[in-house]
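Visitor: Got a structure for you, work-v3.cif, holding mmCIF, C-alpha atoms.
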```
data_model
loop_
_atom_site.label_atom_id
_atom_site.label_comp_id
_atom_site.auth_asym_id
_atom_site.auth_seq_id
_atom_site.Cartn_x
_atom_site.Cartn_y
_atom_site.Cartn_z
CA MET A 135 -6.37 -8.49 -14.81
CA PRO A 136 -9.81 -8.00 -13.18
CA LEU A 137 -10.40 -4.82 -11.20
CA GLY A 138 -10.84 -6.70 -7.92
CA ALA A 139 -7.50 -8.45 -8.33
CA ARG A 140 -5.75 -5.13 -9.04
CA ILE A 141 -7.25 -3.62 -5.88
CA ILE A 142 -6.31 -6.63 -3.76
CA ARG A 143 -2.73 -6.54 -5.07
CA ILE A 144 -2.27 -3.05 -3.61
CA THR A 145 -4.15 -3.57 -0.36
CA ASP A 146 -2.60 -6.98 0.31
CA THR A 147 0.91 -5.59 -0.15
CA PHE A 148 0.15 -2.74 2.24
CA ASP A 149 -1.37 -5.10 4.80
CA ALA A 150 1.50 -7.58 4.55
CA LEU A 151 4.11 -4.90 5.15
CA THR A 152 2.27 -3.14 7.97
CA SER A 153 1.43 -6.34 9.89
CA ASP A 154 3.61 -8.20 12.36
CA ARG A 155 5.07 -11.41 10.99
CA PRO A 156 6.85 -14.21 12.84
CA TYR A 157 10.10 -13.15 11.14
CA ARG A 158 9.79 -9.33 11.46
CA LYS A 159 7.90 -6.51 13.09
CA ALA A 160 5.30 -4.47 11.24
CA MET A 161 6.64 -1.57 9.22
CA LYS A 162 5.40 1.96 9.62
CA ALA A 163 3.10 3.23 6.88
CA GLU A 164 5.71 5.74 5.72
CA THR A 165 8.27 2.97 5.19
CA THR A 166 5.68 0.84 3.46
CA PHE A 167 4.84 3.62 1.01
CA GLU A 168 8.55 4.11 0.27
CA ILE A 169 8.85 0.42 -0.61
CA MET A 170 5.65 0.39 -2.64
CA GLU A 171 6.71 3.53 -4.49
CA LYS A 172 9.90 1.77 -5.64
CA GLN A 173 7.73 -1.08 -6.98
CA LYS A 174 4.80 0.97 -8.25
CA GLU A 175 5.08 -0.52 -11.75
CA LEU A 176 3.57 -3.68 -10.20
CA TYR A 177 0.31 -1.85 -9.49
CA ASP A 178 -2.40 -0.26 -11.60
CA PRO A 179 -1.18 3.37 -11.74
CA GLU A 180 -4.59 4.99 -11.23
CA LEU A 181 -5.58 2.65 -8.41
CA TYR A 182 -2.22 3.13 -6.70
CA LYS A 183 -2.60 6.93 -6.82
CA LEU A 184 -6.15 6.60 -5.48
CA PHE A 185 -5.03 4.29 -2.66
CA CYS A 186 -2.31 6.75 -1.63
CA LEU A 187 -4.75 9.66 -1.75
CA LEU A 188 -7.40 7.85 0.28
CA TYR A 189 -4.85 6.73 2.87
CA THR A 190 -3.55 10.28 3.24
CA LYS A 191 -7.05 11.75 3.51
CA SER A 192 -8.12 9.15 6.09
CA LYS A 193 -5.07 9.96 8.24
CA LEU A 194 -6.12 13.62 8.22
CA LEU A 195 -9.57 12.69 9.54
CA PHE A 196 -8.33 10.77 12.58
#
```
I'd like the structure from this file rewritten - as structure tokens, please.
Guide:
Amino acid sequence: MPLGARIIRITDTFDALTSDRPYRKAMKAETTFEIMEKQKELYDPELYKLFCLLYTKSKLLF
């Protein structure tokens, strides 16, 4: 799978779960990471770790 597609798979999942939908409210980031962690075999392991690290670091900056 191309690199761009592997990145989008992770970011799209995160965005879908943390956005309001007509059928449910947006989930908190912590809940989203719990769900994604249970399904982490769906994602590129190195990119998933990097995404989690970058998200955590960005939260510390703001």
Visitor: Find, counting only C-alpha atoms, the residue in A:Glu175, A:Leu184, A:Met161, A:Lys193 that gets nearest to Thr145 of chain A.
Guide: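 For Thr145 of chain A, the nearest of the given residues is A:Leu184.
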Visitor: In Å, with one decimal, what is the gap from atom CA of Cys186 of chain A to atom CA of Glu171 of chain A?
Guide: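 Atom-to-atom, atom CA of Cys186 of chain A to atom CA of Glu171 of chain A, that is 10.0 Å.
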Visitor: Place a sphere of radius 6 Å on (0.8, 6.2, -8.6) in the file coordinates and name every protein, DNA or RNA residue with an atom inside or on its surface, counting all atoms listed in the file; give the answer as a PDB file with C-alpha atoms, in the frame of the given file.
Guide:
```pdb
ATOM      1  CA  PRO A 179      -1.180   3.370 -11.740  1.00  0.00           C
ATOM      2  CA  TYR A 182      -2.220   3.130  -6.700  1.00  0.00           C
ATOM      3  CA  LYS A 183      -2.600   6.930  -6.820  1.00  0.00           C
TER       4      LYS A 183
END
```
Visitor: Can you list what the PyMOL selection byres ((chain A and resi 149) around 12) grabs from this structure, as a ChimeraX atom specification?
Guide: /A:142-148,150-155,160-163,166-167,170
Visitor: Find the distance between atom CA of Arg158 of chain A and atom CA of Gly138 of chain A and write it in Å to one decimal.
Guide: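 That distance, rounded to one decimal, is 28.4 Å.
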Visitor: I'd like to know which of A:Tyr189, A:Arg140, A:Pro156, A:Thr165 is closest to Tyr177 of chain A, using only C-alpha atoms.
Guide: A:Arg140
